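One file, data21.cif, is given below (mmCIF, C-alpha atoms and all ligand atoms).
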```cif
data_my_file
#
loop_
_atom_site.group_PDB
_atom_site.id
_atom_site.type_symbol
_atom_site.label_atom_id
_atom_site.label_comp_id
_atom_site.auth_asym_id
_atom_site.auth_seq_id
_atom_site.Cartn_x
_atom_site.Cartn_y
_atom_site.Cartn_z
ATOM 1 C CA MET A 1 144.302 72.120 15.023
ATOM 2 C CA SER A 2 142.494 73.804 17.834
ATOM 3 C CA TRP A 3 139.214 72.889 19.467
ATOM 4 C CA ASP A 4 136.869 75.455 20.877
ATOM 5 C CA LYS A 5 134.010 74.120 22.899
ATOM 6 C CA VAL A 6 130.725 75.832 22.057
ATOM 7 C CA GLY A 7 127.803 75.616 24.436
ATOM 8 C CA ARG A 8 127.307 74.663 28.059
ATOM 9 C CA GLU A 9 127.678 71.394 29.918
ATOM 10 C CA ASP A 10 123.920 70.852 30.025
ATOM 11 C CA LYS A 11 123.479 71.545 26.298
ATOM 12 C CA LEU A 12 124.553 69.721 23.184
ATOM 13 C CA LEU A 13 128.173 70.467 22.396
ATOM 14 C CA SER A 14 129.702 71.066 19.019
ATOM 15 C CA TRP A 15 133.157 71.756 17.746
ATOM 16 C CA LYS A 16 133.876 73.616 14.537
ATOM 17 C CA ASP A 17 137.228 73.159 12.882
ATOM 18 C CA VAL A 18 138.980 71.707 9.844
ATOM 19 C CA MET A 19 140.565 68.271 10.036
ATOM 20 C CA GLU A 20 144.175 68.253 8.925
ATOM 21 C CA ALA A 21 143.959 64.927 7.141
ATOM 22 C CA GLU A 22 145.207 64.802 3.570
ATOM 23 C CA GLU A 23 144.541 61.158 2.828
ATOM 24 C CA TYR A 24 142.910 58.166 4.451
ATOM 25 C CA VAL A 25 143.684 54.524 3.937
ATOM 26 C CA TYR A 26 140.742 52.463 5.073
ATOM 27 C CA THR A 27 140.986 48.727 5.378
ATOM 28 C CA VAL A 28 137.711 46.922 5.039
ATOM 29 C CA GLY A 29 138.818 43.723 6.768
ATOM 30 C CA TYR A 30 138.370 40.146 5.548
ATOM 31 C CA ALA A 31 134.566 40.166 5.382
ATOM 32 C CA GLY A 32 134.508 43.566 3.685
ATOM 33 C CA GLU A 33 137.093 42.402 1.158
ATOM 34 C CA GLU A 34 134.952 39.372 0.294
ATOM 35 C CA PHE A 35 131.942 41.655 -0.072
ATOM 36 C CA PHE A 36 133.747 44.048 -2.449
ATOM 37 C CA LYS A 37 135.285 41.185 -4.459
ATOM 38 C CA GLY A 38 131.762 39.843 -4.846
ATOM 39 C CA LEU A 39 130.514 43.168 -6.207
ATOM 40 C CA LYS A 40 133.249 43.088 -8.866
ATOM 41 C CA GLU A 41 131.985 39.639 -9.873
ATOM 42 C CA GLY A 42 128.354 40.782 -9.934
ATOM 43 C CA LYS A 43 127.428 39.049 -6.677
ATOM 44 C CA ILE A 44 126.047 40.144 -3.325
ATOM 45 C CA ILE A 45 128.226 38.484 -0.696
ATOM 46 C CA GLY A 46 126.904 38.102 2.807
ATOM 47 C CA SER A 47 127.950 35.977 5.729
ATOM 48 C CA LYS A 48 126.096 33.167 7.459
ATOM 49 C CA CYS A 49 126.244 32.199 11.090
ATOM 50 C CA PRO A 50 126.818 28.446 11.566
ATOM 51 C CA LYS A 51 125.049 28.532 14.925
ATOM 52 C CA CYS A 52 121.809 30.501 14.392
ATOM 53 C CA GLY A 53 121.718 30.467 10.587
ATOM 54 C CA LYS A 54 121.306 34.217 10.163
ATOM 55 C CA THR A 55 122.708 35.760 7.004
ATOM 56 C CA TYR A 56 124.167 39.263 7.136
ATOM 57 C CA VAL A 57 124.467 41.731 4.259
ATOM 58 C CA PRO A 58 127.039 43.096 3.796
ATOM 59 C CA ALA A 59 129.258 40.301 5.051
ATOM 60 C CA THR A 60 130.479 40.441 8.636
ATOM 61 C CA LEU A 61 133.197 38.421 10.320
ATOM 62 C CA TYR A 62 131.151 37.445 13.379
ATOM 63 C CA CYS A 63 127.484 36.903 14.174
ATOM 64 C CA GLU A 64 126.373 39.812 16.330
ATOM 65 C CA ASP A 65 124.004 37.572 18.289
ATOM 66 C CA CYS A 66 126.092 34.406 18.787
ATOM 67 C CA PHE A 67 129.623 35.897 18.663
ATOM 68 C CA VAL A 68 130.811 33.039 16.468
ATOM 69 C CA GLU A 69 132.754 33.324 13.220
ATOM 70 C CA THR A 70 130.618 33.373 10.081
ATOM 71 C CA SER A 71 131.277 32.006 6.599
ATOM 72 C CA THR A 72 130.715 33.923 3.378
ATOM 73 C CA VAL A 73 127.739 33.092 1.206
ATOM 74 C CA GLU A 74 126.263 34.516 -1.970
ATOM 75 C CA VAL A 75 122.917 36.158 -1.278
ATOM 76 C CA LYS A 76 120.440 35.289 -4.001
ATOM 77 C CA GLY A 77 117.102 36.051 -2.392
ATOM 78 C CA ARG A 78 114.519 38.563 -3.542
ATOM 79 C CA ALA A 79 115.611 42.181 -3.065
ATOM 80 C CA TYR A 80 113.114 44.801 -1.961
ATOM 81 C CA LEU A 81 113.031 48.497 -1.171
ATOM 82 C CA ASP A 82 112.899 49.123 2.577
ATOM 83 C CA SER A 83 113.040 52.925 2.508
ATOM 84 C CA PHE A 84 113.890 55.711 0.108
ATOM 85 C CA THR A 85 114.264 59.438 -0.270
ATOM 86 C CA ILE A 86 114.297 61.758 -3.247
ATOM 87 C CA ILE A 87 117.201 64.159 -3.564
ATOM 88 C CA TYR A 88 116.648 67.458 -5.360
ATOM 89 C CA LYS A 89 119.874 69.304 -4.523
ATOM 90 C CA ASP A 90 123.544 68.381 -4.311
ATOM 91 C CA SER A 91 125.610 68.706 -1.135
ATOM 92 C CA GLU A 92 126.280 72.378 -1.914
ATOM 93 C CA GLY A 93 122.617 73.251 -2.383
ATOM 94 C CA ASN A 94 122.631 73.382 -6.194
ATOM 95 C CA LYS A 95 119.536 72.025 -7.899
ATOM 96 C CA LEU A 96 120.118 68.686 -9.649
ATOM 97 C CA GLU A 97 119.213 68.355 -13.326
ATOM 98 C CA SER A 98 116.782 65.618 -12.349
ATOM 99 C CA PRO A 99 115.791 64.314 -8.895
ATOM 100 C CA GLN A 100 117.792 61.306 -7.658
ATOM 101 C CA VAL A 101 116.122 58.508 -5.723
ATOM 102 C CA ILE A 102 118.266 56.656 -3.210
ATOM 103 C CA GLY A 103 117.153 54.015 -0.752
ATOM 104 C CA LEU A 104 117.920 51.046 1.422
ATOM 105 C CA VAL A 105 117.646 47.677 -0.303
ATOM 106 C CA ARG A 106 117.190 44.593 1.818
ATOM 107 C CA PHE A 107 117.398 40.981 0.763
ATOM 108 C CA GLU A 108 114.988 38.199 1.589
ATOM 109 C CA ASN A 109 116.177 36.106 4.557
ATOM 110 C CA ALA A 110 119.122 38.420 5.268
ATOM 111 C CA LYS A 111 119.784 40.909 8.030
ATOM 112 C CA GLY A 112 121.098 44.344 7.054
ATOM 113 C CA GLY A 113 120.893 46.086 3.733
ATOM 114 C CA LEU A 114 122.673 48.177 1.143
ATOM 115 C CA LEU A 115 122.277 51.713 -0.138
ATOM 116 C CA ALA A 116 121.215 51.966 -3.742
ATOM 117 C CA PHE A 117 120.376 54.439 -6.458
ATOM 118 C CA ILE A 118 116.903 53.566 -7.654
ATOM 119 C CA GLU A 119 115.537 53.619 -11.190
ATOM 120 C CA GLY A 120 111.799 53.591 -11.696
ATOM 121 C CA GLU A 121 108.889 54.503 -9.461
ATOM 122 C CA PRO A 122 109.941 53.687 -5.877
ATOM 123 C CA LYS A 123 107.467 51.765 -3.723
ATOM 124 C CA LEU A 124 108.087 50.703 -0.131
ATOM 125 C CA GLY A 125 108.361 46.920 0.007
ATOM 126 C CA GLY A 126 108.455 46.731 -3.770
ATOM 127 C CA GLU A 127 110.757 44.236 -5.424
ATOM 128 C CA VAL A 128 113.874 45.563 -7.136
ATOM 129 C CA GLU A 129 116.568 44.014 -9.274
ATOM 130 C CA VAL A 130 120.230 44.922 -9.092
ATOM 131 C CA ILE A 131 121.387 46.438 -12.384
ATOM 132 C CA ALA A 132 124.858 47.642 -11.307
ATOM 133 C CA TYR A 133 127.049 46.213 -8.554
ATOM 134 C CA ASP A 134 128.608 49.533 -7.603
ATOM 135 C CA VAL A 135 128.835 51.393 -4.310
ATOM 136 C CA PRO A 136 126.075 52.385 -3.869
ATOM 137 C CA LEU A 137 124.270 49.677 -5.824
ATOM 138 C CA LYS A 138 122.029 50.625 -8.694
ATOM 139 C CA VAL A 139 118.648 48.894 -8.738
ATOM 140 C CA ARG A 140 115.547 49.016 -10.909
ATOM 141 C CA VAL A 141 112.025 48.724 -9.592
ATOM 142 C CA LYS A 142 110.389 45.550 -10.955
HETATM 143 ZN ZN ZN B 1 124.386 33.568 15.087
#
```
Take the structure from the file and write it as C-alpha cells.
Ligand SMILES: [Zn+2]
Amino acid sequence: MSWDKVGREDKLLSWKDVMEAEEYVYTVGYAGEEFFKGLKEGKIIGSKCPKCGKTYVPATLYCEDCFVETSTVEVKGRAYLDSFTIIYKDSEGNKLESPQVIGLVRFENAKGGLLAFIEGEPKLGGEVEVIAYDVPLKVRVK
C-alpha cells in the first residue's frame, strides 16, 4: 500500500488508496457483548453508573463522567425519535424502490441512543416502539 499526500500543509489533507484488509475481527468488549445478547433476547441493555445514576445506551463499561465501573440494566423507558433522515438512493447512487427512513432513537432517562429503521410517519420527539431488535433496530411510530 502506498500513500500519496494530496494538498498543502495549510489545507485539508486526504489520502486515496485501497486498504489491503481481507477480514476484520472486531471484539465488542464486555459491555457490548451484554448489549448484543440483550438484543437477541428482545431487550435493550444499557449500563448504569452507581455513583451518578446515569444510564447509558448502548451499554458502556465505565461512566464517562465519574470514571467508575457501571452495571448492566435493562432499559424499559419510553423510546422517542431524536432525529431522522430519508434515504432515496443506495450507496452506489441507485434509486431505492421506496424511500427508507432511518433515525436516532433515544430512551427516556438514558444517555446515548441507537440507530433505527423507522416505519410510519416520522416526527421529531414522537414516541416509537421497537418492533425488531436488530442492528440497526426497527421501530414503528406510535
Ligand atoms: Zn457516573
| message | as JSON, numbers by chain, please: the residues near Val141 (chain A) (cut-off 9 Å, all atoms listed in the file, same-chain neighbours under 3 positions excluded). | response | {"A": [80, 81, 118, 119, 120, 121, 122, 123, 126, 127, 128, 129]}
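Nearest residue to ligand ZN 1 (chain B) among A:Val101, A:Val135, A:Val68, A:Ala31 is A:Val68, counting only C-alpha atoms and all ligand atoms.
For ligand ZN 1 (chain B), the set of protein, DNA and RNA residues within 9 Å, based on all atoms listed in the file, reads A:Lys48, A:Cys49, A:Pro50, A:Lys51, A:Cys52, A:Gly53, A:Lys54, A:Thr55, A:Tyr62, A:Cys63, A:Glu64, A:Asp65, A:Cys66, A:Phe67, A:Val68, A:Glu69, A:Thr70.
Near Pro136 (chain A), within 7 Å and counting all atoms listed in the file, sit Leu115, Ala116 and Phe117 of chain A; same-chain residues fewer than 5 positions away were not included.
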Need the axis-aligned box for region 32-46 of chain A with 3 Å each side, so what are the centre and edges in Å to one decimal, as lines of an AutoDock Vina configuration file?
```
center_x = 131.6
center_y = 41.1
center_z = -3.1
size_x = 17.0
size_y = 11.9
size_z = 19.6
```
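Counting from CA of Asn109 (chain A), the distance to CA of Glu74 (chain A) is 12.1 Å.
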| request: Return the single residue from A:Asp134, A:Glu97, A:Asp82, A:Asp90 that is closest to Ile44 (chain A), with distances computed using all atoms listed in the file. | output: A:Asp134
